[in-house]
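S.K.: Okay, here's the structure, questions in a sec.
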2 protein chains.
Amino acid sequence: MVKVAICAPGKRIERERADAVLDMVAGDAEIDLKFHPQCFARHGHFAGDDAQRLAAFLECANDPAVDAVWFAMGGYGANRIAADALAGLTEAAREKAFLGYSDNGYLLGALYRAAIGRPVHAPLVGDIRRDGGDKAIKRVTDWLKGEKDGLEPTIAGQPVAAFNLTTLAMLVGTELMPDLSDHVVMVEEVAEHLYAVDRLFFHVTQHLAQQNIAGLRLGRVSDVPENDRPFGSSPVEIAQYWCAKTGISYLGLADIGHDEANKIVPFGLAGSRSPA
Amino acid sequence: MVKVAICAPGKRIERERADAVLDMVAGDAEIDLKFHPQCFARHGHFAGDDAQRLAAFLECANDPAVDAVWFAMGGYGANRIAADALAGLTEAAREKAFLGYSDNGYLLGALYRAAIGRPVHAPLVGDIRRDGGDKAIKRVTDWLKGEKDGLEPTIAGQPVAAFNLTTLAMLVGTELMPDLSDHVVMVEEVAEHLYAVDRLFFHVTQHLAQQNIAGLRLGRVSDVPENDRPFGSSPVEIAQYWCAKTGISYLGLADIGHDEANKIVPFGLAGSRSPA
């Protein structure tokens, strides 16, 4: 039985989505999901104020009976609690998996920097809302039970990390940023104009080049808004351009993105690292 | 006679706006404005491709007969040519003023880092399109002729610099970023959600704190898009929050922004630094 505690470092999750995920695992004797009540809290933009979101994260992460902490939603807000969250972790957090993506990348990055637990880029509980979202949920629960099918397929013998591009751009150079030297770094983006993607790549590649990463892979850049004029380069061309400028190896595509197909990327070296 | 060369490192300017500005100074024997033809070029998102925009900037900056280089528009693109632009400057660039803001902050920052010329946060030629835009244009031409009325009113005995917040967030930690230690740093933003402003402040304050700046001033945060839920903090509260978190002195408001009232901030120490 893998015990999973769910909290929401950014945005709240709608109750019916949580219920849909609970229904999915109701007959599964190997998975126990528990939503922290904070998941449904509301404070302006956030699932509760900073203190509430921080407390819920720490209750989940420091519970010795829990095997994994799964983030309910992305949104915005994990960066506001990440430094305090790290400072509040106890021994009980050290062997847990922490799963999520998008805005939760601040926490995954900070955990990885501190070598606490196993940060894992993976679908969120709230991905149930997508067409085929049940597949994203099953990918996570299967991985938690020890299956490997949901792993991002290019993961091989090198350490890896995966981030939303905007999140990584805000992370670089801060007290939360992990050392990604020799890592294959995967990035994905959603709902940004291509000129903004280009701008983020300018920033991120300069920082990653300073870290001597092994190379960069591009996940999906989806839901690009229509602009008043075409940008003139595709996402792949943008990634290749800035990688070439900064001496980073562009390694091709990664199977991650803001969609139901988003694959699992355990930070660091691959291997049998699920809680099962 | 102050000779001013105009180029467009990002977006093109519409011909009728250029003409309106030429009309304004037509009777002024002290100002000579010359639009580089590149200002009207078109290449996807940009006023010509990177090579064209770079060449135009260098022609203006390296022309010994020119006293000041004024940027026509913001948009996006200055960061793509800034490193090559700096590498291509000659002695003739060293005493010029370079005027603009928004996306042109990449060039202003890089020039300041290299101690080449006098970077000046100031209205763009294209600001003529705003209600009362003629006042913004006159503010620049008056400053070029030696008047001081258009200077940002809080400028005092400390070195200053001013940036668009997104531009500064993309600049920090890169090869273009100047040393802003002991500077009063002013930031302004336009058309960003407040959660994005908060996220940018998280990133920028962490970097500026590492530089030991003298303090931060907040310009206008304008045209904030409606969000599906309120953010819960005002721009001033956001600035104060992140300054407090990172040990930066929050010094109050600055009279800059994406509007016709946008005041002039010559980088560095104030004084009689206009070309007149």
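The way I read the labels, and the way they are meant: chains A, B, ... in the order of the structure tokens, residue 1 as the first residue of every chain, and ligand 1 as the first ligand shown, with later ones counted on from there.
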Residues of chain B within 10 Å of chain A, counting only C-alpha atoms - could you list those as a ChimeraX atom specification?

M.R.: /B:43-46,49,75-77,79-80,166-167,169-175,194-196,198-207,210,227-233,242

S.K.: Please return, as a ChimeraX atom specification, all residues of segment 213-265 of chain B that DSSP assigns to helix (DSSP H, G or I) on the basis of the backbone.

M.R.: /B:235-246

S.K.: Please produce a file of the residues just selected, as a PDB file, in the first residue's frame, where the atoms kept are N, CA, C and O atoms.

M.R.:
ATOM      1  N   PRO B 235       0.285  46.269  -6.399  1.00  0.00           N
ATOM      2  CA  PRO B 235       1.684  46.329  -6.832  1.00  0.00           C
ATOM      3  C   PRO B 235       2.625  46.853  -5.743  1.00  0.00           C
ATOM      4  O   PRO B 235       3.720  46.316  -5.568  1.00  0.00           O
ATOM      5  N   VAL B 236       2.206  47.875  -4.999  1.00  0.00           N
ATOM      6  CA  VAL B 236       3.080  48.385  -3.928  1.00  0.00           C
ATOM      7  C   VAL B 236       3.291  47.314  -2.862  1.00  0.00           C
ATOM      8  O   VAL B 236       4.415  47.095  -2.384  1.00  0.00           O
ATOM      9  N   GLU B 237       2.218  46.618  -2.494  1.00  0.00           N
ATOM     10  CA  GLU B 237       2.362  45.549  -1.494  1.00  0.00           C
ATOM     11  C   GLU B 237       3.280  44.435  -1.996  1.00  0.00           C
ATOM     12  O   GLU B 237       4.073  43.878  -1.233  1.00  0.00           O
ATOM     13  N   ILE B 238       3.176  44.128  -3.271  1.00  0.00           N
ATOM     14  CA  ILE B 238       4.050  43.105  -3.853  1.00  0.00           C
ATOM     15  C   ILE B 238       5.512  43.537  -3.760  1.00  0.00           C
ATOM     16  O   ILE B 238       6.385  42.783  -3.325  1.00  0.00           O
ATOM     17  N   ALA B 239       5.782  44.779  -4.150  1.00  0.00           N
ATOM     18  CA  ALA B 239       7.158  45.290  -4.104  1.00  0.00           C
ATOM     19  C   ALA B 239       7.678  45.299  -2.670  1.00  0.00           C
ATOM     20  O   ALA B 239       8.810  44.883  -2.399  1.00  0.00           O
ATOM     21  N   GLN B 240       6.849  45.777  -1.760  1.00  0.00           N
ATOM     22  CA  GLN B 240       7.268  45.832  -0.351  1.00  0.00           C
ATOM     23  C   GLN B 240       7.534  44.435   0.204  1.00  0.00           C
ATOM     24  O   GLN B 240       8.499  44.208   0.935  1.00  0.00           O
ATOM     25  N   TYR B 241       6.672  43.486  -0.166  1.00  0.00           N
ATOM     26  CA  TYR B 241       6.797  42.114   0.338  1.00  0.00           C
ATOM     27  C   TYR B 241       8.141  41.494  -0.056  1.00  0.00           C
ATOM     28  O   TYR B 241       8.884  40.979   0.776  1.00  0.00           O
ATOM     29  N   TRP B 242       8.457  41.584  -1.344  1.00  0.00           N
ATOM     30  CA  TRP B 242       9.683  40.918  -1.815  1.00  0.00           C
ATOM     31  C   TRP B 242      10.931  41.687  -1.402  1.00  0.00           C
ATOM     32  O   TRP B 242      11.988  41.081  -1.173  1.00  0.00           O
ATOM     33  N   CYS B 243      10.830  43.024  -1.322  1.00  0.00           N
ATOM     34  CA  CYS B 243      11.969  43.789  -0.815  1.00  0.00           C
ATOM     35  C   CYS B 243      12.267  43.380   0.628  1.00  0.00           C
ATOM     36  O   CYS B 243      13.423  43.150   0.998  1.00  0.00           O
ATOM     37  N   ALA B 244      11.211  43.278   1.451  1.00  0.00           N
ATOM     38  CA  ALA B 244      11.402  42.889   2.846  1.00  0.00           C
ATOM     39  C   ALA B 244      12.009  41.493   2.940  1.00  0.00           C
ATOM     40  O   ALA B 244      12.935  41.245   3.733  1.00  0.00           O
ATOM     41  N   LYS B 245      11.525  40.567   2.119  1.00  0.00           N
ATOM     42  CA  LYS B 245      12.028  39.181   2.118  1.00  0.00           C
ATOM     43  C   LYS B 245      13.520  39.108   1.827  1.00  0.00           C
ATOM     44  O   LYS B 245      14.219  38.233   2.317  1.00  0.00           O
ATOM     45  N   THR B 246      13.973  40.005   0.956  1.00  0.00           N
ATOM     46  CA  THR B 246      15.351  39.895   0.463  1.00  0.00           C
ATOM     47  C   THR B 246      16.266  40.969   1.040  1.00  0.00           C
ATOM     48  O   THR B 246      17.428  41.071   0.633  1.00  0.00           O
TER      49      THR B 246
END

S.K.: Looking only at the backbone, which of the residues in segment 5-212 of chain A does DSSP tag as strand (DSSP E), as a PyMOL selection string?

M.R.: chain A and resi 5-7+31-35+68-71+97-100+118-121+160-164+184-190

S.K.: Residues at most 7 Å from Ile264 of chain A, counting only C-alpha atoms, excluding those fewer than 6 positions away in the same chain, as a short mmCIF file (atom, residue, chain, number, x, y, z; two decimals) with N, CA and C atoms, in the first residue's frame?

M.R.:
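The resulting file, selection.cif, is reproduced below:
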data_model
loop_
_atom_site.label_atom_id
_atom_site.label_comp_id
_atom_site.auth_asym_id
_atom_site.auth_seq_id
_atom_site.Cartn_x
_atom_site.Cartn_y
_atom_site.Cartn_z
N VAL A 120 9.87 14.61 -8.46
CA VAL A 120 9.46 13.94 -9.69
C VAL A 120 8.55 14.86 -10.49
N HIS A 121 8.98 15.23 -11.70
CA HIS A 121 8.09 15.91 -12.64
C HIS A 121 7.05 14.88 -13.08
N ALA A 122 5.78 15.16 -12.82
CA ALA A 122 4.71 14.18 -13.11
C ALA A 122 3.38 14.93 -13.20
N GLY A 150 5.39 4.77 -17.56
CA GLY A 150 5.08 6.19 -17.67
C GLY A 150 6.29 7.09 -17.70
N LEU A 151 7.49 6.51 -17.60
CA LEU A 151 8.70 7.35 -17.61
C LEU A 151 8.90 8.00 -18.97
N GLU A 152 9.43 9.21 -18.95
CA GLU A 152 9.74 9.90 -20.19
C GLU A 152 10.73 9.02 -20.97
#

S.K.: Could you pull the residues within 10 Å of Glu59 of chain A, counting only C-alpha atoms, minus those fewer than 2 positions along the same chain, as JSON, numbers by chain?

M.R.: {"A": [5, 7, 36, 53, 54, 55, 56, 57, 61, 62, 63, 64, 66, 88, 89, 93]}

S.K.: Can I get the selection written as an mmCIF file, in the first residue's frame, with all heavy atoms?

M.R.:
data_model
loop_
_atom_site.group_PDB
_atom_site.id
_atom_site.type_symbol
_atom_site.label_atom_id
_atom_site.label_comp_id
_atom_site.auth_asym_id
_atom_site.auth_seq_id
_atom_site.Cartn_x
_atom_site.Cartn_y
_atom_site.Cartn_z
ATOM 1 N N ALA A 5 -0.167 11.657 0.221
ATOM 2 C CA ALA A 5 -0.813 12.855 0.769
ATOM 3 C C ALA A 5 -0.834 13.940 -0.301
ATOM 4 O O ALA A 5 0.169 14.162 -0.991
ATOM 5 C CB ALA A 5 -0.050 13.344 1.995
ATOM 6 N N CYS A 7 -1.547 17.950 -1.371
ATOM 7 C CA CYS A 7 -1.717 19.346 -0.946
ATOM 8 C C CYS A 7 -1.589 20.238 -2.180
ATOM 9 O O CYS A 7 -1.251 19.763 -3.263
ATOM 10 C CB CYS A 7 -0.695 19.730 0.124
ATOM 11 S SG CYS A 7 1.009 19.657 -0.443
ATOM 12 N N HIS A 36 -5.402 16.711 1.674
ATOM 13 C CA HIS A 36 -5.364 17.646 2.801
ATOM 14 C C HIS A 36 -6.481 18.679 2.583
ATOM 15 O O HIS A 36 -6.666 19.151 1.448
ATOM 16 C CB HIS A 36 -4.002 18.333 2.852
ATOM 17 C CG HIS A 36 -3.755 19.073 4.124
ATOM 18 N ND1 HIS A 36 -4.404 20.229 4.446
ATOM 19 C CD2 HIS A 36 -2.944 18.791 5.173
ATOM 20 C CE1 HIS A 36 -3.985 20.652 5.626
ATOM 21 N NE2 HIS A 36 -3.104 19.789 6.091
ATOM 22 N N ARG A 53 -0.873 27.270 3.143
ATOM 23 C CA ARG A 53 -0.293 26.376 2.130
ATOM 24 C C ARG A 53 1.016 25.773 2.632
ATOM 25 O O ARG A 53 1.298 24.592 2.414
ATOM 26 C CB ARG A 53 -0.086 27.125 0.805
ATOM 27 C CG ARG A 53 -1.394 27.687 0.242
ATOM 28 C CD ARG A 53 -1.344 28.114 -1.198
ATOM 29 N NE ARG A 53 -0.130 28.750 -1.641
ATOM 30 C CZ ARG A 53 0.220 30.024 -1.384
ATOM 31 N NH1 ARG A 53 -0.556 30.816 -0.656
ATOM 32 N NH2 ARG A 53 1.357 30.512 -1.843
ATOM 33 N N LEU A 54 1.790 26.587 3.330
ATOM 34 C CA LEU A 54 3.048 26.095 3.910
ATOM 35 C C LEU A 54 2.776 25.007 4.945
ATOM 36 O O LEU A 54 3.410 23.942 4.932
ATOM 37 C CB LEU A 54 3.797 27.272 4.556
ATOM 38 C CG LEU A 54 5.050 26.927 5.357
ATOM 39 C CD1 LEU A 54 6.109 26.298 4.454
ATOM 40 C CD2 LEU A 54 5.616 28.188 6.037
ATOM 41 N N ALA A 55 1.832 25.277 5.849
ATOM 42 C CA ALA A 55 1.522 24.314 6.907
ATOM 43 C C ALA A 55 1.045 22.987 6.326
ATOM 44 O O ALA A 55 1.450 21.903 6.781
ATOM 45 C CB ALA A 55 0.467 24.895 7.851
ATOM 46 N N ALA A 56 0.195 23.053 5.305
ATOM 47 C CA ALA A 56 -0.322 21.819 4.703
ATOM 48 C C ALA A 56 0.799 21.022 4.046
ATOM 49 O O ALA A 56 0.881 19.796 4.191
ATOM 50 C CB ALA A 56 -1.403 22.157 3.677
ATOM 51 N N PHE A 57 1.664 21.730 3.330
ATOM 52 C CA PHE A 57 2.800 21.038 2.707
ATOM 53 C C PHE A 57 3.642 20.335 3.762
ATOM 54 O O PHE A 57 4.036 19.169 3.603
ATOM 55 C CB PHE A 57 3.651 22.038 1.908
ATOM 56 C CG PHE A 57 4.945 21.433 1.410
ATOM 57 C CD1 PHE A 57 4.958 20.640 0.267
ATOM 58 C CD2 PHE A 57 6.134 21.632 2.094
ATOM 59 C CE1 PHE A 57 6.144 20.060 -0.182
ATOM 60 C CE2 PHE A 57 7.328 21.057 1.648
ATOM 61 C CZ PHE A 57 7.330 20.272 0.508
ATOM 62 N N ALA A 61 4.494 16.440 4.130
ATOM 63 C CA ALA A 61 5.879 16.025 3.911
ATOM 64 C C ALA A 61 6.504 15.424 5.163
ATOM 65 O O ALA A 61 7.378 14.549 5.081
ATOM 66 C CB ALA A 61 6.705 17.223 3.430
ATOM 67 N N ASN A 62 6.076 15.889 6.329
ATOM 68 C CA ASN A 62 6.684 15.424 7.575
ATOM 69 C C ASN A 62 5.903 14.302 8.251
ATOM 70 O O ASN A 62 6.246 13.901 9.362
ATOM 71 C CB ASN A 62 6.841 16.608 8.555
ATOM 72 C CG ASN A 62 7.887 17.608 8.084
ATOM 73 O OD1 ASN A 62 8.790 17.257 7.325
ATOM 74 N ND2 ASN A 62 7.765 18.847 8.532
ATOM 75 N N ASP A 63 4.881 13.778 7.589
ATOM 76 C CA ASP A 63 4.096 12.676 8.155
ATOM 77 C C ASP A 63 4.839 11.360 7.892
ATOM 78 O O ASP A 63 4.960 10.944 6.739
ATOM 79 C CB ASP A 63 2.707 12.660 7.501
ATOM 80 C CG ASP A 63 1.809 11.565 8.072
ATOM 81 O OD1 ASP A 63 2.323 10.640 8.738
ATOM 82 O OD2 ASP A 63 0.589 11.645 7.843
ATOM 83 N N PRO A 64 5.312 10.681 8.920
ATOM 84 C CA PRO A 64 6.102 9.460 8.694
ATOM 85 C C PRO A 64 5.283 8.334 8.068
ATOM 86 O O PRO A 64 5.864 7.406 7.495
ATOM 87 C CB PRO A 64 6.602 9.072 10.096
ATOM 88 C CG PRO A 64 5.941 9.971 11.068
ATOM 89 C CD PRO A 64 5.175 11.041 10.349
ATOM 90 N N VAL A 66 3.367 8.650 5.503
ATOM 91 C CA VAL A 66 3.119 8.978 4.090
ATOM 92 C C VAL A 66 4.339 8.618 3.232
ATOM 93 O O VAL A 66 5.471 8.880 3.629
ATOM 94 C CB VAL A 66 2.777 10.486 3.969
ATOM 95 C CG1 VAL A 66 2.926 10.977 2.543
ATOM 96 C CG2 VAL A 66 1.369 10.740 4.498
ATOM 97 N N GLY A 88 11.449 23.862 6.998
ATOM 98 C CA GLY A 88 10.598 23.174 7.964
ATOM 99 C C GLY A 88 10.550 21.666 7.825
ATOM 100 O O GLY A 88 9.820 21.001 8.577
ATOM 101 N N LEU A 89 11.298 21.105 6.892
ATOM 102 C CA LEU A 89 11.222 19.654 6.669
ATOM 103 C C LEU A 89 11.996 18.879 7.745
ATOM 104 O O LEU A 89 13.033 19.330 8.232
ATOM 105 C CB LEU A 89 11.771 19.312 5.280
ATOM 106 C CG LEU A 89 10.892 19.782 4.112
ATOM 107 C CD1 LEU A 89 11.580 19.514 2.784
ATOM 108 C CD2 LEU A 89 9.522 19.107 4.142
ATOM 109 N N ALA A 93 10.697 13.544 5.805
ATOM 110 C CA ALA A 93 10.549 13.964 4.404
ATOM 111 C C ALA A 93 11.599 13.340 3.499
ATOM 112 O O ALA A 93 11.423 13.307 2.276
ATOM 113 C CB ALA A 93 10.627 15.485 4.314
#

S.K.: List every residue of segment 85-177 of chain A that has an atom at most 12 Å from any atom of segment 10-23 of chain A, and for each one report the closest atom pair and its distance in Å to one decimal, counting only C-alpha atoms, with rows sorted by chain and then by increasing residue number, as JSON lines.

M.R.:
{"residue": "A:Gly100", "atom": "CA", "partner": "A:Gly10", "partner_atom": "CA", "distance": 11.5}
{"residue": "A:Tyr101", "atom": "CA", "partner": "A:Gly10", "partner_atom": "CA", "distance": 11.3}
{"residue": "A:Ser102", "atom": "CA", "partner": "A:Gly10", "partner_atom": "CA", "distance": 10.2}
{"residue": "A:Asp103", "atom": "CA", "partner": "A:Gly10", "partner_atom": "CA", "distance": 7.3}
{"residue": "A:Asn104", "atom": "CA", "partner": "A:Gly10", "partner_atom": "CA", "distance": 7.7}
{"residue": "A:Gly105", "atom": "CA", "partner": "A:Gly10", "partner_atom": "CA", "distance": 11.1}
{"residue": "A:Tyr106", "atom": "CA", "partner": "A:Gly10", "partner_atom": "CA", "distance": 10.7}
{"residue": "A:Leu107", "atom": "CA", "partner": "A:Gly10", "partner_atom": "CA", "distance": 10.8}
{"residue": "A:Leu124", "atom": "CA", "partner": "A:Ile13", "partner_atom": "CA", "distance": 10.3}
{"residue": "A:Val125", "atom": "CA", "partner": "A:Val21", "partner_atom": "CA", "distance": 7.2}
{"residue": "A:Gly126", "atom": "CA", "partner": "A:Ile13", "partner_atom": "CA", "distance": 6.5}
{"residue": "A:Asp127", "atom": "CA", "partner": "A:Arg17", "partner_atom": "CA", "distance": 8.7}
{"residue": "A:Ile128", "atom": "CA", "partner": "A:Arg17", "partner_atom": "CA", "distance": 6.5}
{"residue": "A:Arg129", "atom": "CA", "partner": "A:Arg17", "partner_atom": "CA", "distance": 6.7}
{"residue": "A:Arg130", "atom": "CA", "partner": "A:Arg17", "partner_atom": "CA", "distance": 10.4}
{"residue": "A:Gly133", "atom": "CA", "partner": "A:Val21", "partner_atom": "CA", "distance": 9.8}
{"residue": "A:Asp134", "atom": "CA", "partner": "A:Val21", "partner_atom": "CA", "distance": 8.0}
{"residue": "A:Lys135", "atom": "CA", "partner": "A:Val21", "partner_atom": "CA", "distance": 11.1}
{"residue": "A:Ala136", "atom": "CA", "partner": "A:Val21", "partner_atom": "CA", "distance": 10.7}
{"residue": "A:Ile137", "atom": "CA", "partner": "A:Val21", "partner_atom": "CA", "distance": 7.5}
{"residue": "A:Lys138", "atom": "CA", "partner": "A:Val21", "partner_atom": "CA", "distance": 9.4}
{"residue": "A:Val140", "atom": "CA", "partner": "A:Val21", "partner_atom": "CA", "distance": 11.4}
{"residue": "A:Thr141", "atom": "CA", "partner": "A:Val21", "partner_atom": "CA", "distance": 10.5}

S.K.: Kindly save the residues from that selection, with N, CA, C and O atoms included, as a compact mmCIF listing (two decimals), in the first residue's frame.

M.R.:
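Wrote it out as selection_37.txt, contents follow:
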# COMPACT_ATOMS: atom_id res chain seq x y z
N GLY A 100 4.72 16.41 -9.18
CA GLY A 100 3.93 17.48 -9.77
C GLY A 100 4.74 18.16 -10.86
O GLY A 100 5.83 17.71 -11.22
N TYR A 101 4.20 19.26 -11.40
CA TYR A 101 4.96 20.00 -12.41
C TYR A 101 4.43 21.43 -12.45
O TYR A 101 3.79 21.88 -11.49
N SER A 102 4.76 22.15 -13.52
CA SER A 102 4.33 23.53 -13.70
C SER A 102 4.84 24.37 -12.53
O SER A 102 6.02 24.29 -12.19
N ASP A 103 3.99 25.15 -11.89
CA ASP A 103 4.41 26.03 -10.81
C ASP A 103 5.08 25.28 -9.65
O ASP A 103 5.85 25.86 -8.90
N ASN A 104 4.78 23.99 -9.50
CA ASN A 104 5.40 23.22 -8.42
C ASN A 104 6.89 22.98 -8.65
O ASN A 104 7.58 22.47 -7.77
N GLY A 105 7.37 23.35 -9.82
CA GLY A 105 8.79 23.23 -10.12
C GLY A 105 9.67 23.98 -9.13
O GLY A 105 10.83 23.60 -8.90
N TYR A 106 9.15 25.05 -8.52
CA TYR A 106 9.94 25.76 -7.50
C TYR A 106 10.25 24.82 -6.33
O TYR A 106 11.37 24.79 -5.81
N LEU A 107 9.24 24.05 -5.90
CA LEU A 107 9.44 23.11 -4.79
C LEU A 107 10.30 21.93 -5.23
O LEU A 107 11.21 21.52 -4.49
N LEU A 124 -0.31 16.31 -12.41
CA LEU A 124 -0.95 16.76 -11.18
C LEU A 124 -2.28 16.04 -11.00
O LEU A 124 -2.88 15.58 -11.98
N VAL A 125 -2.77 16.03 -9.77
CA VAL A 125 -4.10 15.47 -9.51
C VAL A 125 -5.13 16.16 -10.41
O VAL A 125 -6.00 15.52 -11.01
N GLY A 126 -5.01 17.46 -10.54
CA GLY A 126 -5.98 18.24 -11.30
C GLY A 126 -5.96 17.98 -12.80
O GLY A 126 -6.84 18.45 -13.52
N ASP A 127 -4.98 17.23 -13.28
CA ASP A 127 -4.97 16.89 -14.72
C ASP A 127 -6.12 15.98 -15.09
O ASP A 127 -6.38 15.75 -16.28
N ILE A 128 -6.85 15.47 -14.09
CA ILE A 128 -8.06 14.70 -14.36
C ILE A 128 -9.04 15.49 -15.22
O ILE A 128 -9.84 14.91 -15.97
N ARG A 129 -8.97 16.82 -15.16
CA ARG A 129 -9.92 17.65 -15.92
C ARG A 129 -9.69 17.58 -17.42
O ARG A 129 -10.56 17.98 -18.20
N ARG A 130 -8.54 17.14 -17.86
CA ARG A 130 -8.24 17.13 -19.30
C ARG A 130 -8.95 15.96 -20.00
O ARG A 130 -9.27 14.95 -19.38
N GLY A 133 -7.66 12.66 -19.19
CA GLY A 133 -6.92 12.95 -17.96
C GLY A 133 -6.77 11.74 -17.05
O GLY A 133 -5.82 11.66 -16.26
N ASP A 134 -7.70 10.77 -17.19
CA ASP A 134 -7.57 9.55 -16.38
C ASP A 134 -6.27 8.81 -16.69
O ASP A 134 -5.69 8.18 -15.82
N LYS A 135 -5.80 8.93 -17.93
CA LYS A 135 -4.53 8.28 -18.29
C LYS A 135 -3.35 8.94 -17.56
O LYS A 135 -2.40 8.27 -17.13
N ALA A 136 -3.44 10.27 -17.42
CA ALA A 136 -2.38 10.98 -16.69
C ALA A 136 -2.37 10.53 -15.22
O ALA A 136 -1.31 10.30 -14.63
N ILE A 137 -3.57 10.41 -14.63
CA ILE A 137 -3.67 10.00 -13.23
C ILE A 137 -3.13 8.58 -13.06
O ILE A 137 -2.34 8.28 -12.16
N LYS A 138 -3.55 7.69 -13.97
CA LYS A 138 -3.10 6.28 -13.89
C LYS A 138 -1.58 6.18 -14.06
O LYS A 138 -0.93 5.34 -13.44
N VAL A 140 0.59 8.21 -12.98
CA VAL A 140 1.20 8.53 -11.69
C VAL A 140 1.00 7.38 -10.70
O VAL A 140 1.96 6.92 -10.04
N THR A 141 -0.24 6.89 -10.59
CA THR A 141 -0.47 5.82 -9.61
C THR A 141 0.29 4.55 -10.00
O THR A 141 0.82 3.84 -9.13

S.K.: Nearest to Ile81 of chain A among A:Asp50, A:Glu192, A:Glu95, A:Asp259, with distances taken over only C-alpha atoms: which residue is it?

M.R.: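 Of A:Asp50, A:Glu192, A:Glu95, A:Asp259, the one nearest Ile81 of chain A, counting only C-alpha atoms, is A:Asp50.
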
S.K.: Between atom CA of Ala83 of chain A and atom CA of Leu176 of chain A, what is the distance, to one decimal in Å?

M.R.: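 For atom CA of Ala83 of chain A relative to atom CA of Leu176 of chain A, the distance reads 7.0 Å.
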
S.K.: Atom CA of Asp182 of chain A to atom CA of Lys263 of chain A: how many Å, to one decimal?

M.R.: 21.3 Å
